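The file run.cif contains mmCIF, C-alpha atoms and all ligand atoms:
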```cif
data_data
loop_
_atom_site.label_atom_id
_atom_site.label_comp_id
_atom_site.auth_asym_id
_atom_site.auth_seq_id
_atom_site.Cartn_x
_atom_site.Cartn_y
_atom_site.Cartn_z
CA MET A 529 -11.94 41.39 9.73
CA TYR A 530 -11.90 39.18 6.64
CA ASP A 531 -8.15 38.59 7.07
CA ASP A 532 -8.71 37.62 10.70
CA THR A 533 -11.27 35.02 9.69
CA ILE A 534 -8.86 33.55 7.16
CA HIS A 535 -6.19 33.48 9.83
CA ILE A 536 -8.43 31.81 12.43
CA LEU A 537 -9.42 29.18 9.89
CA GLN A 538 -5.71 28.46 9.27
CA LEU A 539 -6.12 29.27 5.58
CA SER A 540 -3.59 32.12 5.33
CA HIS A 541 -1.64 30.26 2.67
CA LEU A 542 -4.72 30.51 0.39
CA LYS A 543 -5.42 34.16 1.20
CA ASP A 544 -4.99 35.43 -2.37
CA LYS A 545 -6.98 32.59 -3.86
CA ILE A 546 -10.18 32.97 -1.84
CA GLU A 547 -13.08 34.67 -3.59
CA HIS A 548 -15.75 34.25 -0.94
CA LEU A 549 -15.71 33.23 2.75
CA ASP A 550 -18.53 33.35 5.22
CA ILE A 551 -18.73 31.70 8.65
CA ARG A 552 -21.65 30.83 10.88
CA VAL A 553 -22.48 28.55 13.81
CA GLU A 554 -25.09 25.90 13.20
CA SER A 555 -26.07 23.37 15.92
CA ASN A 556 -22.77 23.89 17.74
CA GLN A 557 -20.71 23.43 14.58
CA LEU A 558 -18.64 26.08 12.94
CA ILE A 559 -19.45 26.21 9.24
CA ALA A 560 -17.36 28.08 6.70
CA GLU A 561 -18.76 28.59 3.22
CA ILE A 562 -15.85 28.98 0.87
CA ARG A 563 -15.31 29.56 -2.84
CA LEU A 564 -12.02 30.09 -4.67
CA LYS A 565 -11.24 32.60 -7.42
CA GLN A 566 -11.60 31.35 -10.94
CA ILE A 567 -8.30 30.78 -12.66
CA THR A 568 -7.68 30.01 -16.30
CA ASP A 569 -7.26 26.28 -16.54
CA VAL A 570 -6.58 23.84 -19.33
CA CYS A 571 -8.43 20.60 -19.94
CA PRO A 572 -6.56 17.72 -18.29
CA THR A 573 -7.73 15.34 -21.03
CA CYS A 574 -6.91 17.21 -24.25
CA THR A 575 -5.00 20.27 -22.86
CA SER A 576 -7.30 22.62 -24.73
CA SER A 577 -7.66 26.01 -23.05
CA ALA A 578 -11.15 26.49 -24.46
CA VAL A 579 -12.95 25.73 -21.18
CA SER A 580 -15.97 27.29 -19.57
CA PHE A 581 -17.66 27.23 -16.19
CA HIS A 582 -19.93 24.23 -15.76
CA GLU A 583 -21.28 24.00 -12.16
CA TYR A 584 -20.43 24.09 -8.44
CA LYS A 585 -20.12 20.83 -6.56
CA TYR A 586 -20.62 20.99 -2.86
CA HIS A 587 -17.91 19.39 -0.63
CA LYS A 588 -18.19 19.02 3.14
CA ILE A 589 -14.70 18.88 4.60
CA ILE A 590 -13.79 18.22 8.23
CA HIS A 591 -11.48 21.06 9.20
CA SER A 592 -10.56 20.71 12.89
CA ILE A 593 -8.86 24.00 13.65
CA SER A 594 -9.79 24.04 17.29
CA THR A 595 -10.06 20.91 19.32
CA GLY A 596 -13.03 22.26 21.28
CA GLN A 597 -15.46 22.68 18.42
CA SER A 598 -16.03 20.84 15.22
CA CYS A 599 -15.54 22.88 12.08
CA ILE A 600 -16.74 22.04 8.58
CA LEU A 601 -15.72 23.71 5.35
CA HIS A 602 -18.51 23.94 2.80
CA TYR A 603 -16.39 24.15 -0.28
CA HIS A 604 -18.11 25.22 -3.50
CA HIS A 605 -15.93 23.30 -5.87
CA ARG A 606 -16.01 24.80 -9.32
CA ARG A 607 -16.22 22.50 -12.34
CA TYR A 608 -15.44 23.30 -15.95
CA ARG A 609 -16.48 21.87 -19.28
CA CYS A 610 -14.03 21.57 -22.14
CA GLN A 611 -15.31 23.07 -25.38
CA THR A 612 -13.05 20.86 -27.44
CA CYS A 613 -13.56 17.33 -26.06
CA GLY A 614 -16.67 17.90 -24.00
CA LYS A 615 -15.28 16.44 -20.75
CA THR A 616 -15.90 18.10 -17.40
CA PHE A 617 -13.26 18.54 -14.70
CA GLY A 618 -12.87 20.17 -11.28
CA GLU A 619 -10.59 23.03 -10.29
CA TYR A 620 -7.55 22.19 -8.16
CA ASN A 621 -8.79 21.34 -4.66
CA PRO A 622 -6.31 22.53 -2.01
CA PHE A 623 -8.28 21.24 0.99
CA VAL A 624 -8.52 17.47 0.69
CA GLN A 625 -7.15 14.37 -0.92
CA LYS A 626 -9.35 12.81 -3.58
CA TYR A 627 -12.26 10.75 -2.20
CA SER A 628 -11.79 12.05 1.33
CA ASN A 629 -13.78 14.42 3.49
CA ILE A 630 -11.02 15.10 5.97
CA GLY A 631 -9.00 18.22 5.22
CA HIS A 632 -5.22 18.42 4.98
CA TYR A 633 -5.11 20.63 8.03
CA THR A 634 -6.95 18.05 10.14
CA ARG A 635 -4.78 15.26 8.76
CA LEU A 636 -1.57 17.03 9.73
CA SER A 637 -2.98 17.87 13.16
CA VAL A 638 -3.91 14.22 13.69
CA LEU A 639 -0.43 13.05 12.68
CA ASP A 640 1.18 15.62 14.92
CA TYR A 641 -0.97 14.56 17.86
CA LEU A 642 -0.10 10.89 17.31
CA LYS A 643 3.60 11.73 17.68
CA ASP A 644 3.07 11.49 21.43
CA PHE A 645 3.17 7.81 22.41
CA ASN A 646 0.60 8.46 25.16
CA HIS A 647 -2.07 9.51 22.64
CA THR A 648 -4.32 6.73 21.38
CA PHE A 649 -6.30 6.59 18.15
CA THR A 650 -9.47 7.00 20.23
CA ASP A 651 -8.18 10.17 21.94
CA THR A 652 -7.21 11.52 18.54
CA ALA A 653 -10.59 10.73 16.99
CA ASN A 654 -12.44 12.44 19.84
CA LEU A 655 -10.25 15.50 19.75
CA TYR A 656 -10.45 16.10 16.01
CA HIS A 657 -14.09 15.11 15.50
CA ILE A 658 -13.40 12.18 13.23
CA SER A 659 -14.06 8.44 13.54
CA ILE A 660 -11.47 6.11 15.09
CA GLN A 661 -11.17 4.31 11.76
CA SER A 662 -10.42 7.64 10.05
CA ALA A 663 -7.66 8.37 12.56
CA ILE A 664 -6.21 4.92 11.89
CA ASP A 665 -6.50 5.35 8.10
CA ILE A 666 -4.77 8.73 8.22
CA PHE A 667 -1.93 7.16 10.18
CA ASP A 668 -1.65 4.07 7.96
CA GLN A 669 -1.55 6.16 4.78
CA ALA A 670 1.05 8.59 6.06
CA VAL A 671 3.50 6.49 8.05
CA ASP A 672 5.69 3.74 6.70
CA ALA A 673 8.80 3.68 8.87
CA LYS A 674 11.98 2.38 7.28
CA ARG A 675 14.69 0.50 9.12
CA ARG A 676 17.47 2.86 10.20
CA VAL A 677 21.02 2.30 9.01
CA LEU A 678 22.89 0.06 11.43
CA PRO A 679 25.11 2.05 13.85
CA GLU A 680 28.34 1.07 15.64
CA VAL A 681 26.67 -0.18 18.80
CA ILE A 682 23.29 -1.93 18.76
CA CYS A 683 21.16 -2.87 21.76
CA ILE A 684 18.89 -5.86 21.19
CA ASP A 685 16.02 -6.78 23.50
CA GLU A 686 12.47 -8.06 23.37
CA VAL A 687 9.11 -6.68 24.34
CA PHE A 688 5.99 -8.64 25.21
CA THR A 689 3.41 -7.85 22.52
CA ASN A 690 0.53 -10.10 23.43
CA LYS A 691 -2.43 -9.59 21.09
CA MET A 692 -0.99 -7.37 18.40
CA ASN A 693 1.27 -10.01 17.02
CA ARG A 694 1.33 -13.67 16.02
CA TYR A 695 4.33 -14.03 18.31
CA LYS A 696 4.47 -13.33 22.03
CA TYR A 697 7.61 -11.25 21.88
CA ALA A 698 8.77 -8.71 19.35
CA CYS A 699 12.45 -7.90 19.07
CA ILE A 700 13.68 -4.32 19.36
CA LEU A 701 16.93 -3.05 17.83
CA LEU A 702 18.13 0.23 19.28
CA ASP A 703 20.97 2.60 18.43
CA PHE A 704 22.98 2.78 21.68
CA LYS A 705 24.42 6.22 20.99
CA ALA A 706 21.42 7.99 19.45
CA SER A 707 18.77 6.12 21.49
CA LYS A 708 16.69 5.71 18.34
CA ILE A 709 14.84 2.56 17.40
CA ILE A 710 16.51 0.94 14.40
CA ASP A 711 13.70 -1.54 13.84
CA VAL A 712 10.97 -3.57 15.49
CA ILE A 713 11.05 -7.21 14.38
CA SER A 714 7.92 -9.33 14.83
CA THR A 715 9.65 -12.16 16.69
CA ARG A 716 12.83 -12.98 18.55
CA HIS A 717 12.99 -16.53 17.14
CA LYS A 718 16.50 -17.45 16.09
CA ASN A 719 15.79 -18.56 12.52
CA TYR A 720 13.71 -15.50 11.78
CA LEU A 721 16.51 -13.24 13.08
CA ILE A 722 19.10 -15.08 11.00
CA GLU A 723 16.95 -14.55 7.93
CA TYR A 724 16.36 -10.89 8.80
CA PHE A 725 20.04 -10.10 9.37
CA SER A 726 21.10 -12.08 6.30
CA ARG A 727 19.14 -9.71 4.08
CA ILE A 728 21.16 -6.69 5.27
CA PRO A 729 24.14 -5.89 2.99
CA LYS A 730 27.51 -7.05 4.30
CA ALA A 731 29.09 -3.59 3.99
CA GLU A 732 26.48 -2.18 6.33
CA LYS A 733 26.88 -5.02 8.81
CA ASP A 734 30.64 -4.53 8.85
CA GLN A 735 30.10 -1.11 10.44
CA VAL A 736 28.62 -2.71 13.56
CA LYS A 737 31.21 -3.08 16.31
CA VAL A 738 29.14 -4.33 19.26
CA PHE A 739 25.78 -5.93 19.99
CA VAL A 740 24.56 -5.53 23.59
CA MET A 741 22.08 -8.12 24.86
CA ASP A 742 20.76 -10.11 27.79
CA MET A 743 22.03 -13.67 28.28
CA TRP A 744 19.75 -15.03 25.55
CA GLU A 745 21.26 -17.86 23.54
CA SER A 746 19.19 -17.32 20.35
CA TYR A 747 20.46 -13.76 20.00
CA ARG A 748 24.04 -14.86 20.46
CA GLU A 749 23.74 -17.66 17.91
CA ALA A 750 21.92 -15.50 15.34
CA ILE A 751 24.45 -12.69 15.64
CA LYS A 752 27.53 -14.90 15.64
CA LEU A 753 26.32 -16.39 12.40
CA THR A 754 25.31 -13.20 10.60
CA PHE A 755 27.81 -10.69 12.06
CA PRO A 756 31.06 -12.69 12.19
CA ASN A 757 33.17 -9.56 12.85
CA THR A 758 31.01 -8.03 15.56
CA LEU A 759 31.59 -8.36 19.31
CA ILE A 760 28.79 -9.37 21.64
CA ALA A 761 28.47 -7.79 25.09
CA ILE A 762 26.14 -8.76 27.91
CA ASP A 763 24.27 -5.96 29.62
CA SER A 764 25.93 -5.85 33.04
CA PHE A 765 22.71 -4.83 34.80
CA HIS A 766 21.17 -8.04 33.54
CA ILE A 767 23.94 -10.09 35.20
CA ILE A 768 23.53 -8.23 38.48
CA ARG A 769 19.75 -8.80 38.36
CA THR A 770 20.32 -12.51 37.73
CA LEU A 771 22.76 -12.68 40.66
CA ASN A 772 20.38 -10.81 42.95
CA ASP A 773 17.66 -13.32 42.08
CA VAL A 774 20.01 -16.11 43.17
CA VAL A 775 20.68 -14.38 46.50
CA LYS A 776 16.94 -13.91 46.94
CA VAL A 777 16.30 -17.65 46.58
CA ILE A 778 18.95 -18.36 49.23
CA ARG A 779 17.56 -15.67 51.55
CA ILE A 780 13.99 -17.04 51.31
CA ARG A 781 15.18 -20.57 52.03
CA THR A 782 17.11 -19.35 55.07
CA GLN A 783 14.20 -17.24 56.26
CA ASN A 784 11.77 -20.15 56.03
CA LYS A 785 14.00 -22.27 58.26
CA TYR A 786 13.13 -19.86 61.06
CA ARG A 787 9.45 -19.52 60.35
CA LEU A 788 7.29 -19.61 63.49
CA ASN A 789 7.05 -23.32 64.06
CA LYS A 790 7.11 -24.68 67.64
CA SER A 791 8.37 -28.11 66.58
CA SER A 792 11.43 -26.70 64.85
CA PRO A 793 14.51 -26.70 67.07
CA GLU A 794 15.85 -23.74 65.10
CA HIS A 795 12.78 -21.67 65.79
CA ASP A 796 13.64 -18.06 66.30
CA ASP A 797 10.98 -15.60 65.42
CA MET A 798 13.30 -12.61 65.20
CA TYR A 799 15.46 -14.20 62.50
CA TYR A 800 12.41 -14.74 60.34
CA TYR A 801 11.06 -11.28 61.02
CA MET A 802 14.31 -9.48 60.26
CA LEU A 803 15.12 -11.42 57.07
CA LYS A 804 11.63 -10.82 55.77
CA LYS A 805 11.37 -7.18 56.77
CA PHE A 806 14.86 -6.17 55.63
CA HIS A 807 15.09 -8.48 52.60
CA TYR A 808 16.26 -5.56 50.43
CA PHE A 809 19.49 -5.27 52.44
CA LEU A 810 20.76 -8.37 50.67
CA VAL A 811 20.20 -7.12 47.11
CA LYS A 812 20.16 -3.33 47.22
CA ASN A 813 23.40 -1.35 46.95
CA TYR A 814 24.42 -0.73 50.55
CA GLU A 815 25.33 2.91 49.85
CA ASN A 816 21.75 3.52 48.65
CA ILE A 817 20.12 2.33 51.87
CA PHE A 818 18.87 5.06 54.23
CA ASP A 819 21.79 6.23 56.35
CA GLY A 820 20.01 7.10 59.60
CA LYS A 821 18.02 5.41 62.34
CA ILE A 822 15.80 2.69 60.89
CA ARG A 823 12.78 1.67 62.94
CA ILE A 824 12.29 -1.99 63.83
CA ALA A 825 8.60 -1.93 64.69
CA LYS A 826 8.23 -5.37 66.25
CA TYR A 827 10.90 -4.66 68.83
CA ASN A 828 10.09 -0.97 69.13
CA THR A 829 13.66 0.12 68.56
CA TYR A 830 15.92 1.92 66.04
CA TRP A 831 19.08 0.57 64.43
CA HIS A 832 21.58 1.98 61.99
CA LYS A 833 21.88 0.14 58.65
CA SER A 834 25.29 -1.23 59.60
CA GLU A 835 23.79 -2.91 62.69
CA ILE A 836 20.94 -4.37 60.66
CA LEU A 837 23.27 -5.77 57.99
CA ASP A 838 25.60 -7.26 60.63
CA TYR A 839 22.62 -8.87 62.30
CA LEU A 840 21.25 -10.33 59.05
CA LEU A 841 24.64 -11.76 58.12
CA SER A 842 25.10 -13.28 61.57
CA ILE A 843 22.02 -15.48 61.14
CA ASP A 844 23.34 -18.02 58.66
CA GLU A 845 26.82 -18.83 57.33
CA ASP A 846 25.58 -19.85 53.85
CA LEU A 847 23.61 -16.68 53.40
CA LYS A 848 26.57 -14.62 54.59
CA SER A 849 28.90 -16.34 52.16
CA ALA A 850 26.45 -15.87 49.28
CA TYR A 851 26.11 -12.19 50.13
CA ARG A 852 29.87 -11.67 50.32
CA LEU A 853 30.49 -13.32 46.96
CA LYS A 854 27.67 -11.34 45.38
CA GLU A 855 29.22 -8.14 46.74
CA ARG A 856 32.59 -9.12 45.36
CA TYR A 857 31.03 -9.55 41.94
CA ARG A 858 29.23 -6.23 42.24
CA GLU A 859 32.48 -4.48 43.12
CA PHE A 860 34.18 -6.13 40.15
CA ASN A 861 31.37 -5.04 37.85
CA LEU A 862 31.65 -1.43 39.04
CA THR A 863 35.40 -1.03 38.95
CA ALA A 864 36.97 -3.44 36.46
CA GLU A 865 38.28 -2.37 33.05
CA TYR A 866 38.31 -4.21 29.75
CA GLU A 867 42.10 -4.52 29.49
CA THR A 868 42.70 -5.73 33.04
CA CYS A 869 39.58 -7.62 34.08
CA ASP A 870 40.66 -11.18 33.15
CA ASP A 871 42.25 -12.36 36.42
CA GLU A 872 39.48 -11.19 38.71
CA LEU A 873 36.80 -12.49 36.31
CA ASP A 874 38.44 -15.93 36.23
CA SER A 875 38.85 -15.93 40.00
CA LEU A 876 35.15 -15.04 40.44
CA ILE A 877 34.10 -17.79 38.03
CA TYR A 878 36.21 -20.23 40.10
CA GLU A 879 34.66 -19.08 43.41
CA PHE A 880 31.12 -19.41 42.10
CA ARG A 881 31.75 -22.73 40.37
CA ASN A 882 33.19 -24.26 43.54
CA HIS A 883 30.76 -22.82 46.05
CA LYS A 884 28.93 -25.24 48.36
CA LEU A 885 25.51 -23.81 47.38
CA LEU A 886 24.03 -25.23 44.19
CA GLU A 887 22.45 -21.91 43.11
CA LEU A 888 25.83 -20.16 43.16
CA ARG A 889 27.48 -23.02 41.29
CA THR A 890 24.80 -22.72 38.61
CA PHE A 891 25.42 -18.99 38.38
CA GLY A 892 29.13 -19.77 38.05
CA LYS A 893 28.40 -22.01 35.08
CA THR A 894 26.37 -19.25 33.47
CA ILE A 895 29.09 -16.61 33.75
CA GLU A 896 31.68 -19.09 32.55
CA HIS A 897 29.48 -19.78 29.52
CA TRP A 898 29.22 -16.03 28.82
CA ARG A 899 32.76 -15.12 29.85
CA ILE A 900 33.80 -13.38 26.60
CA GLU A 901 30.57 -11.43 26.44
CA ILE A 902 30.93 -10.35 30.07
CA LYS A 903 34.45 -9.11 29.38
CA ASN A 904 33.06 -7.19 26.38
CA SER A 905 30.55 -5.47 28.67
CA PHE A 906 33.48 -3.34 29.88
CA LEU A 907 33.96 -1.85 26.40
CA VAL A 908 33.58 1.91 26.26
CA PHE A 909 32.25 4.05 23.37
CA ASN A 910 32.29 7.84 23.56
CA LYS A 911 33.27 7.53 27.23
CA ARG A 912 30.16 5.44 27.93
CA ARG A 913 30.29 1.80 28.94
CA VAL A 914 28.07 -0.27 26.65
CA SER A 915 24.78 -1.37 28.20
CA ASN A 916 21.13 -1.94 27.46
CA GLY A 917 20.26 1.09 29.58
CA PRO A 918 18.86 3.12 26.65
CA ILE A 919 16.49 0.31 25.71
CA GLU A 920 14.86 0.26 29.17
CA SER A 921 13.25 3.67 28.74
CA THR A 922 12.22 2.85 25.17
CA ASN A 923 10.60 -0.37 26.33
CA SER A 924 8.54 1.43 28.94
CA LYS A 925 7.21 3.75 26.20
CA ILE A 926 6.38 0.75 24.02
CA LYS A 927 4.53 -0.82 26.94
CA THR A 928 2.42 2.34 27.22
CA ILE A 929 1.55 2.07 23.52
CA ILE A 930 0.58 -1.59 23.97
CA LYS A 931 -1.48 -0.93 27.10
CA THR A 932 -3.60 1.70 25.38
CA ALA A 933 -3.57 0.07 21.99
CA ASN A 934 -7.08 -0.11 20.74
CA GLY A 935 -6.84 0.01 17.00
CA ILE A 936 -3.39 -1.56 16.90
CA ARG A 937 -4.05 -5.13 15.95
CA LYS A 938 -1.81 -5.30 12.97
CA PHE A 939 1.89 -5.76 13.61
CA THR A 940 2.95 -3.35 10.83
CA ARG A 941 0.78 -0.62 12.34
CA PHE A 942 2.17 -1.35 15.79
CA ARG A 943 5.71 -1.17 14.41
CA ASN A 944 5.01 2.11 12.61
CA ARG A 945 3.36 3.59 15.69
CA VAL A 946 6.32 2.65 17.89
CA MET A 947 8.93 4.04 15.53
CA TYR A 948 6.89 7.15 14.66
CA SER A 949 6.11 8.22 18.20
CA ILE A 950 9.39 7.26 19.83
CA ASN A 951 11.94 8.29 17.19
CA LYS A 952 10.03 11.47 16.27
CA ASP A 953 11.87 11.84 12.96
CA ILE A 954 9.95 9.48 10.69
CA PRO A 955 8.91 11.38 7.55
CA ILE A 956 5.25 11.64 6.62
CA LYS A 957 4.49 10.23 3.18
CA ASN A 958 3.56 12.90 0.67
CA LYS A 959 0.20 12.73 -1.00
ZN ZN B 1001 -10.67 18.66 -23.42
#
```
Using structure tokens, write down the structure that the file contains.
Amino acid sequence: MYDDTIHILQLSHLKDKIEHLDIRVESNQLIAEIRLKQITDVCPTCTSSAVSFHEYKYHKIIHSISTGQSCILHYHHRRYRCQTCGKTFGEYNPFVQKYSNIGHYTRLSVLDYLKDFNHTFTDTANLYHISIQSAIDIFDQAVDAKRRVLPEVICIDEVFTNKMNRYKYACILLDFKASKIIDVISTRHKNYLIEYFSRIPKAEKDQVKVFVMDMWESYREAIKLTFPNTLIAIDSFHIIRTLNDVVKVIRIRTQNKYRLNKSSPEHDDMYYYMLKKFHYFLVKNYENIFDGKIRIAKYNTYWHKSEILDYLLSIDEDLKSAYRLKERYREFNLTAEYETCDDELDSLIYEFRNHKLLELRTFGKTIEHWRIEIKNSFLVFNKRRVSNGPIESTNSKIKTIIKTANGIRKFTRFRNRVMYSINKDIPIKNK
């Protein structure tokens, strides 16, 4: 019976040291009176072993063993008086840190609970019967995440941090292979990044083979300057998204030409309807579009996707030409290889740069400007093409932390919280 109580209270590790234990329920709180066995101690001041019992001091310690009910340890803390120097001192207290009323067990439970990025400080406080500030203090005292060693392939991207930071965007460095966050930097400003990277030893930086990024000039400049031997690759999904946005602009312009307007000679309601309703045909991968009968409500009929696409492309020559060139780029992006991609890449740049539509010419300028980095996007490590894919899922977790972030107003806490609950392997500081 007594052993069971010790077990339920999660105090098995102190089993041989407990002299007295008694539990009761008092106004819906579980209270455990506890006293430890007397051991022969020496005076911490003069190391004399001539010590005698002085008094019991009464400690109330929050000991949240179950999340449903609050539990308090009433610890009768024995104090001694030294016969030699006259000083008094307390026996070793295995339940709490000095000056705290929250037990080690509760502390560890709180830290474990905070490992899940969905759990807020408020949830934690409610669950473990402590104040929100206590939950925050426990976290701040225990977690101080260090930057990880730089790996071979680094993804760099930003995340919108709004109120928890002086700067609008924080910069995330991620290990492409291990999908672990290397660091969270408070801003993506070029000069700050240059300073940050300059502080890292050269030998460590020399290990980095590739940086993967969006087409963001500050990143490229900062990395070129601080990692002279590292290649830069553009995330290919980012290029495709940019190109799809260009096609979207052209589609909307075309669509609006046919908007219901009696004075327009080009008025044709069906063109407008179809371009608006099936807008995704122009940007989505054709093979991912539903391969069956698709209902066209306004005309109460069903068409196959091939008929719909043919119809959309028959509306306007410019739109058709933009779509075809976009598809050619998409095909290139899917099938090209690093060693052999040069000719087709140059031919694509030429086609875009000389297209009659301004938006496509602008896109052509962009890919010409980033030509080397686009070629590098075909590099393969461990059979995986480099990309910023791993950072997408990390960023969505970070956004969850930000969305529910009461209690995270300090950037260092935000950074620690992100690294602690996403990497899962940040050590807890010993106390
Ligand atoms: Zn003494």
Report task. Would you list the residues near (-14.5, 14.8, 7.5), meaning any protein, DNA or RNA residue with an atom at most 9 Å from that point in file coordinates, counting only C-alpha atoms, as number ranges by chain? Result -> A: 588-592, 600, 628-631, 634, 657-659, 662
Please produce, as CSV, a per-residue contact table for chain A versus ligand ZN 1001 (chain B) (criterion: any atom at most 7 Å away, only C-alpha atoms and all ligand atoms considered), showing the nearest atom pair and its distance in Å to one decimal, sorted by chain then residue number.
```
residue,atom,partner,partner_atom,distance
A:Cys571,CA,B:ZN1001,ZN,4.6
A:Pro572,CA,B:ZN1001,ZN,6.6
A:Thr573,CA,B:ZN1001,ZN,5.0
A:Cys574,CA,B:ZN1001,ZN,4.1
A:Thr575,CA,B:ZN1001,ZN,5.9
A:Ser576,CA,B:ZN1001,ZN,5.4
A:Cys610,CA,B:ZN1001,ZN,4.6
A:Gln611,CA,B:ZN1001,ZN,6.7
A:Thr612,CA,B:ZN1001,ZN,5.2
A:Cys613,CA,B:ZN1001,ZN,4.1
A:Gly614,CA,B:ZN1001,ZN,6.1
A:Lys615,CA,B:ZN1001,ZN,5.8
```
Query raised in the report: Which neighbours of Lys927 of chain A fall inside 9 Å, counting all atoms listed in the file, when residues of the same chain fewer than 3 positions from it are skipped, and could you give them as a ChimeraX atom specification?
Result: /A:687-689,922-924,930-932
**Report entry** Selection: 10 Å around segment 583-587 of chain A, all atoms listed in the file, excl. self and same-chain fewer than 3 positions, as JSON, numbers by chain
**Finding:** {"A": [561, 562, 563, 580, 590, 600, 601, 602, 603, 604, 605, 606, 607, 608, 609, 616, 618, 623, 624, 628, 629]}
Query raised in the report: To one decimal place, how far is atom CA of Ala933 of chain A from atom CA of Asp651 of chain A in Å?
Result: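 These two atoms are separated by 11.1 Å.
Minimum atom-to-atom distances from A:Asn828, A:Asn951, A:Asn882, A:Gln783 to Leu841 of chain A were compared using only C-alpha atoms, and the lowest value belongs to A:Gln783.
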Query raised in the report: Could you state the separation of atom CA of Glu686 of chain A and atom CA of Arg748 of chain A in Å, given to one decimal place?
Result: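 Computing it gives 13.7 Å between the two atoms.
A straight line drawn from atom CA of Asp742 of chain A to atom CA of Arg769 of chain A is 10.7 Å long.
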Query - Polymer residues at most 9 Å from Lys925 of chain A, only C-alpha atoms, same-chain spacing of 5 or more positions, as a ChimeraX atom specification - result: /A:645-646,920,930,946,950
Report task. Please provide as a VMD selection string all residues within 12 Å of Asn813 of chain A, with the sequence filter that same-chain residues fewer than 3 positions apart are discarded (counting only C-alpha atoms). Result -> chain A and resid 768 to 769 772 808 to 810 816 to 818 833 837 851 854 to 855 858 to 859 862
Export C-alpha atoms of the chosen residues as a compact mmCIF listing (two decimals), in the frame of the given file?
```txt
# COMPACT_ATOMS: atom_id res chain seq x y z
CA ILE A 768 23.53 -8.23 38.48
CA ARG A 769 19.75 -8.80 38.36
CA ASN A 772 20.38 -10.81 42.95
CA TYR A 808 16.26 -5.56 50.43
CA PHE A 809 19.49 -5.27 52.44
CA LEU A 810 20.76 -8.37 50.67
CA ASN A 816 21.75 3.52 48.65
CA ILE A 817 20.12 2.33 51.87
CA PHE A 818 18.87 5.06 54.23
CA LYS A 833 21.88 0.14 58.65
CA LEU A 837 23.27 -5.77 57.99
CA TYR A 851 26.11 -12.19 50.13
CA LYS A 854 27.67 -11.34 45.38
CA GLU A 855 29.22 -8.14 46.74
CA ARG A 858 29.23 -6.23 42.24
CA GLU A 859 32.48 -4.48 43.12
CA LEU A 862 31.65 -1.43 39.04
```
Fewer than 2 positions away in the same chain doesn't count, so skip those; otherwise give me all residues within 12 Å of Glu867 of chain A, counting all atoms listed in the file, as a short mmCIF file (atom, residue, chain, number, x, y, z; two decimals) with C-alpha atoms, in the coordinates of the input.
```
data_model
loop_
_atom_site.label_atom_id
_atom_site.label_comp_id
_atom_site.auth_asym_id
_atom_site.auth_seq_id
_atom_site.Cartn_x
_atom_site.Cartn_y
_atom_site.Cartn_z
CA ALA A 864 36.97 -3.44 36.46
CA GLU A 865 38.28 -2.37 33.05
CA CYS A 869 39.58 -7.62 34.08
CA ASP A 870 40.66 -11.18 33.15
CA ASP A 871 42.25 -12.36 36.42
CA GLU A 872 39.48 -11.19 38.71
CA LEU A 873 36.80 -12.49 36.31
CA LYS A 903 34.45 -9.11 29.38
CA ASN A 904 33.06 -7.19 26.38
CA SER A 905 30.55 -5.47 28.67
CA PHE A 906 33.48 -3.34 29.88
CA LEU A 907 33.96 -1.85 26.40
CA VAL A 908 33.58 1.91 26.26
#
```
Kindly provide the residues of segment 693-722 of chain A that approach segment 749-755 of chain A to within 12 Å, each paired with its closest atom pair and their distance in Å to one decimal, based on only C-alpha atoms, listed by chain and increasing number, as a Markdown table.
```
| residue | atom | partner | partner_atom | distance |
| --- | --- | --- | --- | --- |
| A:Arg716 | CA | A:Ala750 | CA | 10.0 |
| A:His717 | CA | A:Ala750 | CA | 9.2 |
| A:Lys718 | CA | A:Ala750 | CA | 5.8 |
| A:Asn719 | CA | A:Ala750 | CA | 7.4 |
| A:Tyr720 | CA | A:Ala750 | CA | 8.9 |
| A:Leu721 | CA | A:Ala750 | CA | 6.3 |
| A:Ile722 | CA | A:Ala750 | CA | 5.2 |
```
**Report entry** A:Ile700, A:Glu901, A:His535, A:Ile929 ranked by distance to Leu549 of chain A, top pick (using all atoms listed in the file)
**Finding:** A:His535
Query - Neighbour residues at most 12 Å from (-4.7, 28.6, -4.3) (all atoms listed in the file) as a ChimeraX atom specification - result: /A:539-547,563-567,619-623
Take the selection from the previous step and output its residues with C-alpha atoms, as a short mmCIF file (atom, residue, chain, number, x, y, z; two decimals), keeping the file's coordinate frame.
```cif
data_model
loop_
_atom_site.label_atom_id
_atom_site.label_comp_id
_atom_site.auth_asym_id
_atom_site.auth_seq_id
_atom_site.Cartn_x
_atom_site.Cartn_y
_atom_site.Cartn_z
CA LEU A 539 -6.12 29.27 5.58
CA SER A 540 -3.59 32.12 5.33
CA HIS A 541 -1.64 30.26 2.67
CA LEU A 542 -4.72 30.51 0.39
CA LYS A 543 -5.42 34.16 1.20
CA ASP A 544 -4.99 35.43 -2.37
CA LYS A 545 -6.98 32.59 -3.86
CA ILE A 546 -10.18 32.97 -1.84
CA GLU A 547 -13.08 34.67 -3.59
CA ARG A 563 -15.31 29.56 -2.84
CA LEU A 564 -12.02 30.09 -4.67
CA LYS A 565 -11.24 32.60 -7.42
CA GLN A 566 -11.60 31.35 -10.94
CA ILE A 567 -8.30 30.78 -12.66
CA GLU A 619 -10.59 23.03 -10.29
CA TYR A 620 -7.55 22.19 -8.16
CA ASN A 621 -8.79 21.34 -4.66
CA PRO A 622 -6.31 22.53 -2.01
CA PHE A 623 -8.28 21.24 0.99
#
```
